[in-house]
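J.: Handing over target20.csv, CSV, C-alpha atoms.
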chain,number,residue,atom,x,y,z
Z,1283,MET,CA,50.8,79.3,112.0
Z,1284,LYS,CA,50.3,75.6,111.2
Z,1285,ARG,CA,46.9,74.1,112.0
Z,1286,MET,CA,47.3,71.4,114.7
Z,1287,SER,CA,46.2,67.9,113.7
Z,1288,LEU,CA,46.9,64.3,114.4
Z,1289,ARG,CA,49.3,64.3,111.5
Z,1290,LEU,CA,51.7,66.4,113.5
Z,1291,TRP,CA,51.7,64.0,116.4
Z,1292,PHE,CA,51.2,60.5,115.0
Z,1293,THR,CA,52.6,58.5,112.1
Z,1294,ALA,CA,50.1,56.9,109.6
Z,1295,ALA,CA,50.4,53.5,111.2
Z,1296,GLN,CA,49.8,55.0,114.7
Z,1297,ARG,CA,46.7,56.9,113.4
Z,1298,ARG,CA,45.3,53.7,112.0
Z,1299,LYS,CA,45.8,51.9,115.3
Z,1300,LEU,CA,44.3,54.8,117.2
Z,1301,GLU,CA,41.2,54.7,115.0
Z,1302,ILE,CA,40.7,51.0,115.5
Z,1303,PHE,CA,41.2,51.3,119.3
Z,1304,ILE,CA,38.6,54.1,119.5
Z,1305,TYR,CA,36.1,52.1,117.5
Z,1306,MET,CA,36.7,48.9,119.5
Z,1307,LEU,CA,36.4,50.9,122.8
Z,1308,LEU,CA,33.0,52.3,121.6
Z,1309,LEU,CA,31.9,48.7,120.8
Z,1310,ALA,CA,33.0,47.5,124.2
Z,1311,ILE,CA,31.3,50.4,126.0
Z,1312,GLY,CA,28.0,49.9,124.2
Z,1313,CYS,CA,28.0,46.2,124.8
Z,1314,ILE,CA,28.8,46.6,128.5
Z,1315,LEU,CA,26.0,49.2,128.9
Z,1316,GLY,CA,23.6,47.0,127.1
Z,1317,THR,CA,24.4,44.0,129.3
Z,1318,PHE,CA,24.1,46.1,132.4
Z,1319,CYS,CA,20.7,47.5,131.4
Z,1320,VAL,CA,19.3,44.0,130.8
Z,1321,MET,CA,20.7,42.6,134.0
Z,1322,LYS,CA,19.4,45.4,136.1
Z,1323,TYR,CA,16.4,46.9,134.2
Z,1324,GLU,CA,15.2,44.1,131.9
Z,1325,ASP,CA,11.6,45.2,132.1
Z,1326,SER,CA,12.3,48.8,131.0
Z,1327,SER,CA,10.8,49.8,127.7
Z,1328,MET,CA,14.2,50.5,126.2
Z,1329,CYS,CA,15.5,47.0,127.0
Z,1330,ARG,CA,12.4,45.4,125.7
Z,1331,PHE,CA,12.6,47.4,122.5
Z,1332,CYS,CA,16.3,46.5,122.0
Z,1333,ILE,CA,15.7,42.8,122.6
Z,1334,THR,CA,12.7,42.8,120.2
Z,1335,TYR,CA,14.6,44.7,117.6
Z,1336,GLY,CA,17.7,42.6,117.9
Z,1337,MET,CA,16.4,39.1,118.2
Z,1338,THR,CA,14.2,36.8,116.1
Z,1339,GLY,CA,11.7,34.4,117.7
Z,1340,ASP,CA,12.6,30.8,118.6
Z,1341,THR,CA,10.2,29.5,116.0
Z,1342,ALA,CA,11.5,31.7,113.1
Z,1343,SER,CA,12.5,29.8,110.0
Z,1344,SER,CA,16.0,30.0,108.6
Z,1345,LEU,CA,14.7,32.3,105.8
Z,1346,ASP,CA,13.2,34.6,108.4
Z,1347,VAL,CA,16.4,34.7,110.4
Z,1348,PHE,CA,18.4,35.5,107.2
Z,1349,PHE,CA,16.1,38.4,106.2
Z,1350,TYR,CA,15.8,39.7,109.7
Z,1351,SER,CA,19.6,39.7,110.2
Z,1352,LEU,CA,20.2,41.2,106.8
Z,1353,MET,CA,17.6,44.0,107.3
Z,1354,ARG,CA,18.9,44.9,110.7
Z,1355,ASN,CA,22.6,45.0,109.7
Z,1356,GLY,CA,21.9,46.2,106.2
Z,1357,CYS,CA,20.2,49.3,107.6
Z,1358,LEU,CA,23.2,50.1,109.7
Z,1359,TRP,CA,25.5,49.5,106.6
Z,1360,PHE,CA,23.3,51.9,104.6
Z,1361,LEU,CA,23.3,54.5,107.4
Z,1362,ALA,CA,27.1,54.3,107.6
Z,1363,PHE,CA,27.3,54.5,103.8
Z,1364,PHE,CA,25.1,57.6,103.6
Z,1365,LEU,CA,26.8,59.4,106.6
Z,1366,GLY,CA,30.2,59.0,104.8
Z,1367,PHE,CA,29.0,61.6,102.3
Z,1368,CYS,CA,28.1,64.1,105.0
Z,1369,ALA,CA,30.7,66.6,106.0
Z,1370,ILE,CA,29.4,66.5,109.6
Z,1371,GLY,CA,28.6,62.8,109.8
Z,1372,GLN,CA,31.4,61.9,112.2
Z,1373,PRO,CA,29.4,62.0,115.5
Z,1374,PHE,CA,26.5,60.1,113.9
Z,1375,LEU,CA,28.8,57.4,112.7
Z,1376,LEU,CA,30.2,56.9,116.2
Z,1377,ALA,CA,26.6,56.7,117.4
Z,1378,VAL,CA,25.8,54.0,114.8
Z,1379,LEU,CA,28.6,51.9,116.2
Z,1380,THR,CA,27.7,52.5,119.8
Z,1381,ILE,CA,23.9,51.8,119.3
Z,1382,HIS,CA,24.7,48.6,117.4
Z,1383,SER,CA,26.9,47.3,120.3
Z,1384,PHE,CA,24.3,48.4,122.9
Z,1385,VAL,CA,21.6,46.4,121.2
Z,1386,SER,CA,24.0,43.4,120.8
Z,1387,GLY,CA,24.8,43.6,124.5
Z,1388,CYS,CA,21.1,43.6,125.4
Z,1389,CYS,CA,20.5,40.5,123.2
Z,1390,LEU,CA,23.4,38.5,124.4
Z,1391,ALA,CA,22.6,39.3,128.0
Z,1392,LYS,CA,19.0,38.2,127.5
Z,1393,LEU,CA,20.2,34.9,126.0
Z,1394,SER,CA,22.7,34.4,128.8
Z,1395,LYS,CA,20.0,34.8,131.4
Z,1396,GLU,CA,17.9,32.0,129.8
Z,1397,LEU,CA,21.0,29.9,128.9
Z,1398,THR,CA,20.7,26.1,129.2
Z,1399,VAL,CA,23.1,23.4,128.3
Z,1400,SER,CA,21.1,22.5,125.2
Z,1401,ALA,CA,21.1,26.1,124.1
Z,1402,LEU,CA,24.8,26.6,124.6
Z,1403,PRO,CA,25.8,25.9,120.9
Z,1404,LEU,CA,23.2,28.4,119.7
Z,1405,TYR,CA,24.4,31.0,122.2
Z,1406,VAL,CA,28.1,30.5,121.0
Z,1407,LEU,CA,26.9,30.8,117.4
Z,1408,THR,CA,25.0,34.0,118.1
Z,1409,ALA,CA,28.0,35.5,120.0
Z,1410,VAL,CA,30.4,34.6,117.1
Z,1411,TYR,CA,27.9,36.1,114.6
Z,1412,THR,CA,27.6,39.3,116.7
Z,1413,ILE,CA,31.3,39.7,116.9
Z,1414,THR,CA,31.7,39.1,113.1
Z,1415,VAL,CA,29.0,41.7,112.2
Z,1416,SER,CA,30.5,44.2,114.7
Z,1417,PHE,CA,33.8,43.9,113.0
Z,1418,ILE,CA,32.2,44.4,109.6
Z,1419,LEU,CA,30.4,47.5,110.8
Z,1420,LEU,CA,33.6,48.8,112.4
Z,1421,LEU,CA,35.2,48.7,109.0
Z,1422,ALA,CA,32.2,50.4,107.5
Z,1423,VAL,CA,32.3,53.2,110.0
Z,1424,ARG,CA,36.0,53.6,109.6
Z,1425,GLU,CA,35.7,54.0,105.8
Z,1426,ALA,CA,32.7,56.3,106.2
Z,1427,MET,CA,34.5,58.4,108.8
Z,1428,ARG,CA,37.5,58.9,106.5
Z,1429,LEU,CA,35.4,60.0,103.6
Z,1430,SER,CA,33.3,62.3,105.9
Z,1431,CYS,CA,36.5,63.9,107.3
Z,1432,SER,CA,37.7,64.4,103.7
Z,1433,SER,CA,34.4,66.0,102.8
Z,1434,PHE,CA,34.7,68.2,105.9
Z,1435,GLY,CA,38.1,69.3,104.7
Z,1436,VAL,CA,36.8,70.1,101.2
Z,1437,TYR,CA,33.6,72.0,102.2
Z,1438,VAL,CA,34.7,73.7,105.4
Z,1439,LEU,CA,38.5,73.9,105.4
Z,1440,GLU,CA,38.7,74.3,101.6
Z,1441,THR,CA,41.4,71.7,101.1
Z,1442,ASP,CA,42.4,70.2,97.7
Z,1443,THR,CA,39.8,68.1,95.9
Z,1444,LEU,CA,42.1,66.4,93.4
Z,1445,ASP,CA,42.0,63.0,95.1
Z,1446,MET,CA,38.3,63.0,96.0
Z,1447,GLY,CA,37.4,61.0,92.8
Z,1448,LYS,CA,39.8,58.3,93.7
Z,1449,ARG,CA,38.6,58.2,97.3
Z,1450,LEU,CA,35.0,57.9,96.2
Z,1451,LYS,CA,35.9,55.0,93.8
Z,1452,PHE,CA,37.6,53.1,96.6
Z,1453,TYR,CA,34.8,54.0,99.0
Z,1454,LEU,CA,32.1,52.4,96.7
Z,1455,VAL,CA,34.2,49.3,96.1
Z,1456,ARG,CA,34.9,48.8,99.8
Z,1457,PHE,CA,31.3,49.2,100.8
Z,1458,GLY,CA,30.3,46.8,98.1
Z,1459,VAL,CA,32.7,44.2,99.7
Z,1460,LEU,CA,31.3,44.9,103.2
Z,1461,LEU,CA,27.8,44.4,102.0
Z,1462,PHE,CA,28.7,41.1,100.5
Z,1463,MET,CA,30.3,40.1,103.9
Z,1464,ILE,CA,27.1,41.0,105.7
Z,1465,LEU,CA,25.1,38.9,103.2
Z,1466,ALA,CA,27.5,36.0,103.7
Z,1467,ALA,CA,27.5,36.2,107.5
Z,1468,SER,CA,23.7,36.4,107.6
Z,1469,GLY,CA,23.3,33.4,105.3
Z,1470,ILE,CA,25.8,31.3,107.3
Z,1471,TYR,CA,24.2,32.3,110.6
Z,1472,ALA,CA,20.7,31.4,109.3
Z,1473,LEU,CA,21.8,28.0,108.1
Z,1474,CYS,CA,23.6,27.2,111.3
Z,1475,CYS,CA,20.6,28.3,113.4
Z,1476,LYS,CA,18.4,25.9,111.5
Z,1477,ALA,CA,20.9,23.1,112.1
Z,1478,LEU,CA,21.2,23.8,115.8
Z,1479,ARG,CA,17.4,24.2,116.5
As structure tokens, what does this structure read like?
T.:
Amino acid sequence: MKRMSLRLWFTAAQRRKLEIFIYMLLLAIGCILGTFCVMKYEDSSMCRFCITYGMTGDTASSLDVFFYSLMRNGCLWFLAFFLGFCAIGQPFLLAVLTIHSFVSGCCLAKLSKELTVSALPLYVLTAVYTITVSFILLLAVREAMRLSCSSFGVYVLETDTLDMGKRLKFYLVRFGVLLFMILAASGIYALCCKALR
């Protein structure tokens, strides 16, 4: 009897679209929940922690903004990278994406509550930067999820291991590109923050 899988129901293109849809849905849900929590329970310890973790101070220098943004998003990049090697890393990868979007929703909601006309350009910049980083982390989680599922197949279902070396090579290259994208996005964001403050 054949094992039921997505391969029996969807084409490769449909599976890719379904993957992206699920990840975008998780990002949207996390962002909505974060926004709701700040709007309703801003003084709660969880909201205060998320805002403190996700935002730099108004007096931070461009270098501080760069390193803070790089550390925050770099940690998530590293977590996704590490979980990709785990055969049971799939639920934790989904949690990484949801937690990132929740924190982002908290920060954007906090900024919108204090929004003034003069601060509008900085708010738009932060929103664009958040969307950019979310897309980069979405790609990281997608790559990690694929390797994690392959590892699960090898260790648990005892599938063929012939193409794992090739998968690993592409995995390392893609994560290297994604790390460079995070570096570039953080640098551009820090420079633009300095110009707008």
J.: Report as a PyMOL selection string all protein, DNA and RNA residues lying within 10 Å of Arg1456 (chain Z), evaluated on all atoms listed in the file, omitting residues in the same chain fewer than 6 positions from it.
T.: chain Z and resi 1421-1422+1425+1450+1462
J.: Counting all atoms listed in the file, what is within 10 Å of region 1351-1357 of chain Z, bar same-chain residues fewer than 5 positions away, as a PyMOL selection string?
T.: chain Z and resi 1335-1338+1345-1346+1362-1363+1382+1415-1416+1418-1419+1460-1461+1464-1469+1471-1472
J.: Do you have the CA of Tyr1350 (chain Z)-CA of Cys1389 (chain Z) distance handy?
T.: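 Between these atoms lies a distance of 14.3 Å.
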J.: Could you check how far CA of Ala1477 (chain Z) sits from CA of Val1347 (chain Z), in Å to one decimal?
T.: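 Value for the CA of Ala1477 (chain Z)-CA of Val1347 (chain Z) distance: 12.6 Å.
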J.: What's the 12 Å shell around Met1427 (chain Z), counting all atoms listed in the file, without same-chain residues fewer than 4 positions away, as number ranges by chain?
T.: Z: 1301-1302, 1305, 1361-1379, 1419-1423, 1431-1434, 1453
J.: Next, write the just-selected residues to a file, as a PDB file, in the coordinates of the input, keeping C-alpha atoms as the atom set.
T.:
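In the end it all went to result.pdb:
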ATOM      1  CA  GLU Z1301      41.200  54.700 115.000  1.00  0.00           C
ATOM      2  CA  ILE Z1302      40.700  51.000 115.500  1.00  0.00           C
ATOM      3  CA  TYR Z1305      36.100  52.100 117.500  1.00  0.00           C
ATOM      4  CA  LEU Z1361      23.300  54.500 107.400  1.00  0.00           C
ATOM      5  CA  ALA Z1362      27.100  54.300 107.600  1.00  0.00           C
ATOM      6  CA  PHE Z1363      27.300  54.500 103.800  1.00  0.00           C
ATOM      7  CA  PHE Z1364      25.100  57.600 103.600  1.00  0.00           C
ATOM      8  CA  LEU Z1365      26.800  59.400 106.600  1.00  0.00           C
ATOM      9  CA  GLY Z1366      30.200  59.000 104.800  1.00  0.00           C
ATOM     10  CA  PHE Z1367      29.000  61.600 102.300  1.00  0.00           C
ATOM     11  CA  CYS Z1368      28.100  64.100 105.000  1.00  0.00           C
ATOM     12  CA  ALA Z1369      30.700  66.600 106.000  1.00  0.00           C
ATOM     13  CA  ILE Z1370      29.400  66.500 109.600  1.00  0.00           C
ATOM     14  CA  GLY Z1371      28.600  62.800 109.800  1.00  0.00           C
ATOM     15  CA  GLN Z1372      31.400  61.900 112.200  1.00  0.00           C
ATOM     16  CA  PRO Z1373      29.400  62.000 115.500  1.00  0.00           C
ATOM     17  CA  PHE Z1374      26.500  60.100 113.900  1.00  0.00           C
ATOM     18  CA  LEU Z1375      28.800  57.400 112.700  1.00  0.00           C
ATOM     19  CA  LEU Z1376      30.200  56.900 116.200  1.00  0.00           C
ATOM     20  CA  ALA Z1377      26.600  56.700 117.400  1.00  0.00           C
ATOM     21  CA  VAL Z1378      25.800  54.000 114.800  1.00  0.00           C
ATOM     22  CA  LEU Z1379      28.600  51.900 116.200  1.00  0.00           C
ATOM     23  CA  LEU Z1419      30.400  47.500 110.800  1.00  0.00           C
ATOM     24  CA  LEU Z1420      33.600  48.800 112.400  1.00  0.00           C
ATOM     25  CA  LEU Z1421      35.200  48.700 109.000  1.00  0.00           C
ATOM     26  CA  ALA Z1422      32.200  50.400 107.500  1.00  0.00           C
ATOM     27  CA  VAL Z1423      32.300  53.200 110.000  1.00  0.00           C
ATOM     28  CA  CYS Z1431      36.500  63.900 107.300  1.00  0.00           C
ATOM     29  CA  SER Z1432      37.700  64.400 103.700  1.00  0.00           C
ATOM     30  CA  SER Z1433      34.400  66.000 102.800  1.00  0.00           C
ATOM     31  CA  PHE Z1434      34.700  68.200 105.900  1.00  0.00           C
ATOM     32  CA  TYR Z1453      34.800  54.000  99.000  1.00  0.00           C
TER      33      TYR Z1453
END
J.: CA of Ile1304 (chain Z) and CA of Arg1330 (chain Z) are how many Å apart?
T.: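 Here the two named atoms are 28.3 Å from each other.
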J.: From the set Z:Cys1329, Z:Ile1381, Z:Leu1308, Z:Leu1429, which residue has the shortest atom-to-atom contact distance to Lys1448 (chain Z), counting all atoms listed in the file?
T.: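 Result for the nearest residue to Lys1448 (chain Z): Z:Leu1429.
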J.: Would you list the contacts of Leu1315 (chain Z) as a VMD selection string, taking every protein, DNA or RNA residue within 9 Å and counting only C-alpha atoms, but skipping same-chain residues closer than 2 positions in sequence?
T.: chain Z and resid 1310 to 1313 1317 to 1320 1383 to 1384 1387 to 1388
J.: Starting from the point (24.7, 33.2, 115.2), work out which residues of protein, DNA or RNA have an atom no more than 9 Å away when counting all atoms listed in the file; state them as a PyMOL selection string.
T.: chain Z and resi 1404-1412+1467-1468+1470-1472+1474-1475
J.: Closest to Glu1324 (chain Z) among Z:Leu1358, Z:Lys1392, Z:Ser1430, Z:Ala1294, using only C-alpha atoms?
T.: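 Using only C-alpha atoms, Glu1324 (chain Z) sits closest to Z:Lys1392.
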J.: Using only C-alpha atoms, find the one residue out of Z:Leu1390, Z:Met1463, Z:Val1385, Z:Ala1295 that sits nearest to Cys1332 (chain Z).
T.: Z:Val1385
